[in-house]
$ cat upload_5.csv   # CSV, C-alpha atoms
chain,number,residue,atom,x,y,z
A,1,MET,CA,26.3,7.5,3.7
A,2,SER,CA,23.4,9.8,4.7
A,3,GLU,CA,20.0,8.4,5.6
A,4,VAL,CA,18.8,5.8,3.0
A,5,ARG,CA,15.4,6.7,1.5
A,6,ILE,CA,13.0,3.9,0.5
A,7,ALA,CA,9.9,4.2,-1.6
A,8,PHE,CA,7.7,1.4,-0.5
A,9,PHE,CA,5.0,0.5,-3.1
A,10,ASP,CA,1.7,-1.3,-2.7
A,11,ALA,CA,1.8,-0.7,1.0
A,12,LYS,CA,-0.9,-2.4,3.2
A,13,PRO,CA,-1.5,-1.7,6.9
A,14,TYR,CA,0.2,-5.0,7.9
A,15,ASP,CA,3.2,-4.1,5.8
A,16,LYS,CA,3.6,-0.8,7.7
A,17,LYS,CA,3.3,-2.5,11.0
A,18,SER,CA,5.9,-5.2,10.3
A,19,PHE,CA,8.3,-2.9,8.5
A,20,ASP,CA,8.1,-0.1,11.1
A,21,LYS,CA,8.9,-2.6,13.8
A,22,ALA,CA,11.9,-4.0,11.9
A,23,ASN,CA,13.1,-0.6,10.9
A,24,GLU,CA,13.7,0.3,14.5
A,25,LYS,CA,17.0,-1.5,14.1
A,26,PHE,CA,17.9,0.1,10.7
A,27,GLY,CA,16.7,3.7,10.8
A,28,PHE,CA,15.8,4.0,7.1
A,29,ALA,CA,13.5,6.7,5.9
A,30,ILE,CA,10.5,4.8,4.5
A,31,THR,CA,7.8,6.4,2.4
A,32,TYR,CA,4.7,4.2,2.1
A,33,LEU,CA,2.8,4.4,-1.1
A,34,GLU,CA,-0.5,2.7,-1.8
A,35,ALA,CA,0.1,2.7,-5.6
A,36,ARG,CA,1.5,-0.4,-7.2
A,37,LEU,CA,4.8,0.0,-8.9
A,38,ASP,CA,4.7,0.1,-12.7
A,39,ALA,CA,5.6,2.5,-15.5
A,40,ARG,CA,2.7,4.9,-14.5
A,41,SER,CA,3.7,5.2,-10.9
A,42,ALA,CA,7.5,4.8,-11.1
A,43,GLU,CA,8.0,8.6,-10.9
A,44,LEU,CA,6.7,8.5,-7.3
A,45,ALA,CA,10.0,7.0,-6.4
A,46,HIS,CA,12.1,10.0,-7.5
A,47,GLY,CA,14.1,11.3,-4.6
A,48,ALA,CA,14.5,7.8,-3.1
A,49,ASP,CA,17.6,5.6,-3.1
A,50,ALA,CA,15.7,2.3,-3.3
A,51,VAL,CA,12.3,1.0,-3.9
A,52,CYS,CA,10.6,-1.9,-2.1
A,53,ALA,CA,8.3,-4.0,-4.3
A,54,PHE,CA,5.9,-6.9,-3.9
A,55,VAL,CA,4.5,-9.7,-6.2
A,56,ASN,CA,2.1,-7.5,-8.2
A,57,ASP,CA,4.4,-4.6,-8.7
A,58,ARG,CA,5.9,-4.6,-12.2
A,59,VAL,CA,9.3,-3.4,-13.3
A,60,ASP,CA,9.4,-3.7,-17.1
A,61,ALA,CA,11.7,-1.8,-19.4
A,62,GLU,CA,9.7,1.4,-19.2
A,63,ALA,CA,9.5,1.4,-15.5
A,64,ALA,CA,13.2,0.5,-15.1
A,65,ALA,CA,14.2,3.5,-17.3
A,66,ILE,CA,12.1,5.8,-15.1
A,67,LEU,CA,13.5,4.4,-11.9
A,68,GLU,CA,17.1,4.7,-13.2
A,69,HIS,CA,16.5,8.3,-14.3
A,70,GLY,CA,15.1,9.0,-10.9
A,71,GLY,CA,18.3,7.8,-9.2
A,72,ILE,CA,17.1,4.5,-7.9
A,73,LYS,CA,20.0,2.1,-7.2
A,74,LEU,CA,18.2,-0.9,-5.8
A,75,VAL,CA,14.9,-2.7,-6.1
A,76,ALA,CA,14.3,-4.7,-2.9
A,77,LEU,CA,11.6,-7.3,-3.4
A,78,ARG,CA,9.8,-8.3,-0.3
A,79,CYS,CA,9.0,-11.8,-1.7
A,80,ALA,CA,10.8,-14.8,-3.1
A,81,GLY,CA,9.6,-14.7,-6.7
A,82,TYR,CA,11.0,-12.2,-9.2
A,83,ASN,CA,9.1,-13.0,-12.4
A,84,ASN,CA,7.6,-9.5,-12.3
A,85,ILE,CA,11.1,-7.9,-12.9
A,86,ASP,CA,12.6,-7.5,-16.4
A,87,LEU,CA,16.1,-8.6,-15.3
A,88,LYS,CA,17.5,-7.7,-18.7
A,89,ALA,CA,16.2,-4.1,-18.5
A,90,VAL,CA,17.7,-3.5,-15.1
A,91,TRP,CA,21.0,-5.3,-15.8
A,92,GLN,CA,24.0,-3.3,-14.8
A,93,LYS,CA,21.7,-0.3,-14.0
A,94,ILE,CA,19.7,-1.2,-10.9
A,95,HIS,CA,20.4,-4.1,-8.5
A,96,VAL,CA,17.6,-6.4,-7.5
A,97,VAL,CA,17.4,-8.4,-4.3
A,98,ARG,CA,14.8,-10.7,-2.9
A,99,VAL,CA,13.8,-12.6,0.2
A,100,PRO,CA,14.6,-16.2,-0.8
A,101,ALA,CA,13.1,-17.7,2.4
A,102,TYR,CA,10.9,-16.2,5.1
A,103,SER,CA,8.7,-18.9,6.6
A,104,PRO,CA,8.6,-21.8,4.3
A,105,TYR,CA,6.4,-23.5,6.9
A,106,ALA,CA,3.7,-20.9,6.4
A,107,VAL,CA,3.3,-21.8,2.7
A,108,ALA,CA,3.7,-25.5,3.2
A,109,GLU,CA,1.1,-25.5,6.0
A,110,HIS,CA,-1.3,-23.5,3.8
A,111,ALA,CA,-1.0,-26.1,1.1
A,112,ALA,CA,-2.0,-28.8,3.6
A,113,ALA,CA,-4.9,-26.7,4.7
A,114,LEU,CA,-6.2,-26.3,1.2
A,115,LEU,CA,-5.9,-30.0,0.6
A,116,LEU,CA,-7.7,-31.0,3.8
A,117,THR,CA,-10.5,-28.4,3.2
A,118,LEU,CA,-11.1,-29.9,-0.3
A,119,THR,CA,-10.9,-33.6,0.5
A,120,ARG,CA,-13.1,-33.3,3.6
A,121,HIS,CA,-15.4,-30.6,2.1
A,122,ILE,CA,-14.9,-28.3,5.1
A,123,HIS,CA,-15.9,-25.2,3.2
A,124,GLN,CA,-19.2,-26.7,2.1
A,125,ALA,CA,-19.9,-28.2,5.6
A,126,TYR,CA,-19.2,-24.8,7.2
A,127,ASN,CA,-21.7,-23.0,5.0
A,128,ARG,CA,-24.3,-25.7,5.6
A,129,VAL,CA,-24.1,-25.7,9.3
A,130,ARG,CA,-24.2,-21.9,9.4
A,131,GLU,CA,-27.7,-22.3,7.8
A,132,GLY,CA,-28.7,-25.0,10.2
A,133,ASN,CA,-28.3,-27.8,7.7
A,134,PHE,CA,-26.5,-30.8,9.3
A,135,LEU,CA,-27.0,-33.2,6.5
A,136,LEU,CA,-23.9,-35.2,5.4
A,137,ASN,CA,-25.2,-35.9,1.9
A,138,GLY,CA,-22.5,-35.0,-0.7
A,139,LEU,CA,-19.8,-34.5,1.9
A,140,ILE,CA,-18.0,-37.9,1.6
A,141,GLY,CA,-14.3,-37.4,1.8
A,142,ARG,CA,-11.4,-39.8,1.4
A,143,ASP,CA,-8.4,-40.8,3.5
A,144,LEU,CA,-5.0,-39.3,2.6
A,145,HIS,CA,-3.2,-42.2,4.2
A,146,ASP,CA,-1.4,-44.4,1.7
A,147,LYS,CA,-2.2,-42.1,-1.2
A,148,TYR,CA,0.4,-40.7,-3.6
A,149,ILE,CA,1.4,-37.0,-3.2
A,150,GLY,CA,3.3,-35.5,-6.1
A,151,ILE,CA,5.6,-32.7,-5.0
A,152,VAL,CA,6.6,-30.5,-7.9
A,153,GLY,CA,9.6,-28.4,-6.8
A,154,THR,CA,11.7,-29.6,-3.9
A,155,GLY,CA,13.2,-26.5,-2.6
A,156,LYS,CA,12.7,-25.5,1.1
A,157,ILE,CA,8.9,-25.2,0.8
A,158,GLY,CA,8.5,-28.4,-1.2
A,159,LYS,CA,10.6,-30.4,1.3
A,160,ILE,CA,8.6,-29.1,4.2
A,161,ALA,CA,5.3,-29.8,2.5
A,162,SER,CA,6.6,-33.3,1.8
A,163,ALA,CA,7.3,-33.8,5.5
A,164,ILE,CA,3.8,-32.6,6.4
A,165,PHE,CA,2.1,-34.9,3.9
A,166,ARG,CA,4.3,-37.8,5.0
A,167,GLY,CA,2.8,-37.2,8.4
A,168,PHE,CA,-0.6,-38.2,7.0
A,169,GLY,CA,1.0,-41.4,5.8
A,170,MET,CA,1.2,-40.3,2.1
A,171,ARG,CA,3.7,-41.7,-0.3
A,172,VAL,CA,5.9,-39.0,-1.9
A,173,LEU,CA,6.7,-38.7,-5.6
A,174,ALA,CA,8.8,-35.7,-6.5
A,175,TYR,CA,9.9,-33.8,-9.6
A,176,ASP,CA,12.6,-31.1,-9.8
A,177,LYS,CA,14.9,-30.0,-12.5
A,178,PHE,CA,17.7,-30.3,-10.0
A,179,PRO,CA,16.8,-33.3,-7.8
A,180,ASP,CA,18.2,-33.7,-4.3
A,181,GLU,CA,18.8,-37.4,-4.2
A,182,ALA,CA,20.3,-37.3,-0.7
A,183,TRP,CA,17.1,-35.7,0.6
A,184,ALA,CA,15.0,-38.3,-1.3
A,185,LYS,CA,17.1,-41.2,0.1
A,186,ASN,CA,16.7,-39.9,3.7
A,187,THR,CA,13.0,-39.3,3.5
A,188,GLY,CA,11.7,-42.0,1.2
A,189,ALA,CA,10.6,-39.7,-1.6
A,190,VAL,CA,11.1,-40.9,-5.1
A,191,TYR,CA,12.0,-38.6,-8.0
A,192,VAL,CA,10.2,-39.5,-11.2
A,193,PRO,CA,9.6,-37.7,-14.5
A,194,LEU,CA,6.8,-35.1,-14.5
A,195,GLU,CA,4.6,-37.2,-16.7
A,196,GLU,CA,4.8,-40.2,-14.4
A,197,LEU,CA,4.1,-38.0,-11.4
A,198,CYS,CA,1.0,-36.7,-13.0
A,199,GLU,CA,-0.2,-40.2,-13.9
A,200,LYS,CA,0.4,-41.8,-10.5
A,201,SER,CA,-0.4,-39.0,-8.0
A,202,ASP,CA,-3.7,-38.6,-6.1
A,203,VAL,CA,-2.6,-35.1,-5.1
A,204,ILE,CA,-0.2,-32.8,-6.8
A,205,SER,CA,1.2,-29.8,-4.9
A,206,LEU,CA,3.1,-27.2,-6.8
A,207,HIS,CA,6.1,-25.5,-5.2
A,208,SER,CA,8.2,-24.4,-8.2
A,209,PRO,CA,9.4,-20.8,-9.0
A,210,LEU,CA,7.9,-19.2,-12.1
A,211,THR,CA,10.4,-19.0,-15.0
A,212,PRO,CA,10.0,-19.2,-18.7
A,213,GLU,CA,10.6,-22.9,-18.5
A,214,THR,CA,7.9,-23.5,-15.8
A,215,ARG,CA,5.2,-21.2,-17.2
A,216,HIS,CA,2.1,-23.4,-17.8
A,217,LEU,CA,4.0,-26.4,-16.5
A,218,ILE,CA,0.7,-28.0,-15.8
A,219,ASN,CA,-1.0,-27.8,-19.2
A,220,GLU,CA,-3.7,-29.6,-21.2
A,221,ARG,CA,-1.5,-32.5,-22.0
A,222,LEU,CA,-0.4,-33.2,-18.4
A,223,LEU,CA,-4.0,-32.6,-17.1
A,224,SER,CA,-5.1,-35.4,-19.5
A,225,LEU,CA,-2.7,-37.8,-17.9
A,226,MET,CA,-4.0,-37.3,-14.4
A,227,LYS,CA,-6.4,-39.4,-12.4
A,228,HIS,CA,-10.0,-38.2,-12.6
A,229,ASP,CA,-10.1,-37.7,-8.8
A,230,VAL,CA,-6.7,-35.9,-8.5
A,231,VAL,CA,-6.5,-32.7,-6.4
A,232,ILE,CA,-4.1,-30.0,-7.6
A,233,ILE,CA,-2.7,-27.6,-5.0
A,234,ASN,CA,-0.9,-24.4,-6.1
A,235,THR,CA,0.8,-22.2,-3.5
A,236,GLY,CA,3.7,-21.3,-5.9
A,237,ARG,CA,2.8,-19.0,-8.8
A,238,GLY,CA,-0.4,-18.8,-10.7
A,239,ALA,CA,1.1,-19.2,-14.2
A,240,LEU,CA,2.5,-22.6,-13.3
A,241,ILE,CA,-0.9,-23.7,-14.4
A,242,ASP,CA,-2.6,-23.1,-17.7
A,243,THR,CA,-5.8,-21.9,-16.1
A,244,LYS,CA,-8.0,-22.1,-19.1
A,245,ALA,CA,-6.9,-25.8,-19.5
A,246,LEU,CA,-7.7,-26.3,-15.8
A,247,VAL,CA,-11.2,-24.8,-16.2
A,248,THR,CA,-11.8,-27.2,-19.2
A,249,ALA,CA,-10.7,-30.2,-17.2
A,250,LEU,CA,-12.9,-29.2,-14.2
A,251,LYS,CA,-15.9,-28.7,-16.5
A,252,LYS,CA,-15.4,-32.2,-18.0
A,253,GLY,CA,-15.0,-33.7,-14.5
A,254,HIS,CA,-11.6,-34.9,-15.5
A,255,ILE,CA,-10.0,-33.8,-12.2
A,256,GLY,CA,-11.3,-34.0,-8.7
A,257,GLY,CA,-10.6,-30.4,-7.5
A,258,ALA,CA,-8.1,-27.6,-7.1
A,259,GLY,CA,-6.9,-25.5,-4.2
A,260,LEU,CA,-5.4,-22.3,-5.5
A,261,ASP,CA,-3.7,-19.6,-3.5
A,262,VAL,CA,-2.4,-18.0,-6.7
A,263,TYR,CA,-3.8,-17.2,-10.1
A,264,GLU,CA,-2.0,-16.3,-13.3
A,265,GLU,CA,-3.9,-13.1,-13.8
A,266,GLU,CA,-4.2,-12.2,-10.1
A,267,GLU,CA,-2.5,-8.8,-10.5
A,268,GLY,CA,-5.8,-7.1,-11.2
A,269,TYR,CA,-7.7,-8.6,-8.3
A,270,PHE,CA,-5.7,-10.0,-5.4
A,271,PHE,CA,-4.9,-7.9,-2.3
A,272,GLU,CA,-7.9,-5.7,-3.1
A,273,ASP,CA,-11.6,-5.7,-2.1
A,274,TRP,CA,-13.8,-6.5,-5.1
A,275,SER,CA,-16.8,-7.7,-3.1
A,276,ALA,CA,-19.1,-4.9,-4.4
A,277,VAL,CA,-17.9,-5.0,-8.0
A,278,ALA,CA,-18.6,-7.6,-10.7
A,279,ILE,CA,-15.5,-9.6,-11.6
A,280,LYS,CA,-14.8,-9.1,-15.3
A,281,ASP,CA,-12.1,-11.8,-15.6
A,282,ASP,CA,-14.2,-14.6,-17.1
A,283,VAL,CA,-11.7,-17.3,-16.2
A,284,LEU,CA,-11.5,-16.3,-12.5
A,285,ALA,CA,-15.3,-15.9,-12.3
A,286,ARG,CA,-15.7,-19.4,-13.7
A,287,LEU,CA,-13.3,-20.9,-11.3
A,288,LEU,CA,-15.3,-19.4,-8.4
A,289,THR,CA,-18.4,-21.3,-9.5
A,290,PHE,CA,-16.9,-24.8,-9.0
A,291,PRO,CA,-17.8,-26.4,-5.7
A,292,ASN,CA,-14.5,-28.4,-5.9
A,293,VAL,CA,-12.3,-25.3,-6.2
A,294,ILE,CA,-11.0,-23.2,-3.3
A,295,ILE,CA,-9.2,-19.9,-4.0
A,296,THR,CA,-7.4,-17.9,-1.4
A,297,GLY,CA,-6.0,-14.5,-2.2
A,298,HIS,CA,-2.2,-15.2,-2.1
A,299,GLN,CA,-2.3,-15.6,1.6
A,300,ALA,CA,-0.1,-18.7,2.1
A,301,PHE,CA,2.8,-16.6,3.2
A,302,PHE,CA,0.6,-14.5,5.6
A,303,THR,CA,1.6,-15.3,9.1
A,304,SER,CA,3.1,-13.1,11.8
A,305,GLU,CA,6.3,-15.0,11.7
A,306,ALA,CA,6.6,-14.7,7.9
A,307,LEU,CA,5.8,-11.0,7.9
A,308,GLY,CA,8.5,-10.4,10.5
A,309,ALA,CA,11.1,-12.4,8.6
A,310,ILE,CA,10.2,-10.7,5.3
A,311,ALA,CA,10.7,-7.2,6.9
A,312,ASP,CA,14.0,-8.2,8.5
A,313,THR,CA,15.5,-9.7,5.4
A,314,THR,CA,14.3,-7.0,3.1
A,315,LEU,CA,15.8,-4.2,5.2
A,316,ALA,CA,19.0,-6.2,5.8
A,317,ASN,CA,19.3,-6.6,2.0
A,318,ILE,CA,19.1,-2.8,1.7
A,319,LYS,CA,21.6,-2.2,4.4
A,320,GLY,CA,23.9,-4.8,2.8
A,321,TYR,CA,24.0,-2.8,-0.5
A,322,PHE,CA,24.2,0.8,0.9
A,323,GLU,CA,26.5,0.1,3.9
A,324,GLN,CA,28.4,-3.1,3.2
A,325,ASN,CA,28.6,-3.2,-0.6
A,326,ALA,CA,27.3,-6.8,-0.5
A,327,LEU,CA,24.2,-8.4,-2.0
A,328,PRO,CA,24.0,-12.1,-1.1
A,329,ASN,CA,20.3,-12.2,-2.2
A,330,GLU,CA,20.8,-10.6,-5.5
A,331,ILE,CA,19.0,-11.6,-8.7
A,332,CYS,CA,20.5,-10.5,-12.0
A,333,TYR,CA,20.0,-11.1,-15.7
A,334,GLN,CA,23.2,-13.1,-16.0
A,335,CYS,CA,22.3,-15.7,-13.4
A,336,GLY,CA,18.7,-15.2,-12.3
A,337,GLY,CA,17.1,-16.2,-15.5
A,338,LYS,CA,19.3,-19.3,-15.9
A,339,GLU,CA,20.1,-20.6,-12.5
A,340,GLY,CA,16.8,-19.9,-10.7
A,341,GLY,CA,18.2,-17.0,-8.7
A,342,GLN,CA,21.6,-18.2,-7.5
A,343,SER,CA,24.0,-15.3,-7.3
A,344,CYS,CA,26.7,-15.7,-10.0
A,345,ALA,CA,29.4,-14.0,-7.8
A,346,LYS,CA,28.1,-14.9,-4.4
A,347,GLU,CA,31.2,-16.8,-3.3
A,348,LYS,CA,33.5,-13.9,-4.3
A,349,SER,CA,31.8,-10.7,-3.5
A,350,GLY,CA,28.2,-11.3,-2.7
A,351,ARG,CA,27.0,-9.3,-5.7
A,352,CYS,CA,26.6,-10.0,-9.4
A,353,TRP,CA,28.2,-6.8,-10.9

$ encode --input "upload_5.csv" --output "structure tokens"
Amino acid sequence: MSEVRIAFFDAKPYDKKSFDKANEKFGFAITYLEARLDARSAELAHGADAVCAFVNDRVDAEAAAILEHGGIKLVALRCAGYNNIDLKAVWQKIHVVRVPAYSPYAVAEHAAALLLTLTRHIHQAYNRVREGNFLLNGLIGRDLHDKYIGIVGTGKIGKIASAIFRGFGMRVLAYDKFPDEAWAKNTGAVYVPLEELCEKSDVISLHSPLTPETRHLINERLLSLMKHDVVIINTGRGALIDTKALVTALKKGHIGGAGLDVYEEEEGYFFEDWSAVAIKDDVLARLLTFPNVIITGHQAFFTSEALGAIADTTLANIKGYFEQNALPNEICYQCGGKEGGQSCAKEKSGRCW
């Protein structure tokens, strides 16, 4: 077919750099747009063949109708999660593909970085020393060796995170709706019910996708079961945690701390500069006041290796549809909402419909 035209939403300078480099192999016509994709901006894609979207772009029923009317045939997500897509609204109208894996090491390593920063008070020590204060009062940490780490979600990232934490000598408890018993046997991890994991773990690290079933997986009830010095790490999706319940537990001193790379209402703030503006989200503002909470702006994926892999896979997904009639990384309403993103017809044709 003629040159494929891509409307690239929520484009940042680093996106342009990595995608322009990867596009040297593909030759697509990419139009970079600063606007986030939603029902208000979807018309900007008219004239394109495909749109490229990220985690805070939103394709609901209204946006899907506008995209379809504008001739869009493919939504290419440059991320693994797809909870921002109304799969029912686009079913049999617009295909959706994602990047199921880019650099799982990047995310797993960031989870470890958050944990070490919290348990050894690195952020507080850094700020003290910058001001010439070398006192150690209040900076007592704890060993990770021989502590229990609870891994929630044992996909690629969860398994790599498990290996990293085992390197510290931690004991691995795991929870997954679809447990990999062979992996557990080979690594010494032990699958347990989620309630038991919450009760026994000294650290809990979340690596599950966000689905209707996992929304607020960590809630008031499970928080009440946890040790009072437990540290929760979330590099998955913000809504895996009921954030209001988390704030309440932190205020009561019921948990030891939280390292969050994601936030359930991050769409309004993350990836933008709000340093000169008051944050109006009261829950986020309250989280930022806790000395035992670290928040990073959805940067766990943000390495040069990951950005390169994301660009390569995204453009290969687009080429697969327009030139090869194949979509091995497709997500659809029929299978995506039920099977966690496994293509229902992958073995036969590499596409869902």

$ atom_distance --input "upload_5.csv" --atom1 "CA of Val97 in chain A" --atom2 "CA of Leu74 in chain A"
7.7 Å

$ closest_residue --input "upload_5.csv" --among "A:Ser41, A:Thr119, A:Thr314, A:Thr235" --to "Gly257 in chain A" --atoms "all atoms listed in the file"
A:Thr119

$ atom_distance --input "upload_5.csv" --atom1 "CA of Ala64 in chain A" --atom2 "CA of Ile6 in chain A"
16.0 Å

$ atom_distance --input "upload_5.csv" --atom1 "CA of Asn219 in chain A" --atom2 "CA of Ser205 in chain A"
14.6 Å

$ closest_atom_pairs --input "upload_5.csv" --of "range 107-158 of chain A" --to "range 225-233 of chain A" --cutoff "8 Å" --atoms "only C-alpha atoms" --output "tab-separated table"
residue	atom	partner	partner_atom	distance
A:Ala111	CA	A:Ile233	CA	6.5
A:Leu114	CA	A:Ile233	CA	7.2
A:Leu115	CA	A:Ile233	CA	6.9

$ write_last_selection --input "upload_5.csv" --atoms "C-alpha atoms" --output "compact mmCIF listing (two decimals), keeping the file's coordinate frame"
# COMPACT_ATOMS: atom_id res chain seq x y z
CA ALA A 111 -1.00 -26.10 1.10
CA LEU A 114 -6.20 -26.30 1.20
CA LEU A 115 -5.90 -30.00 0.60
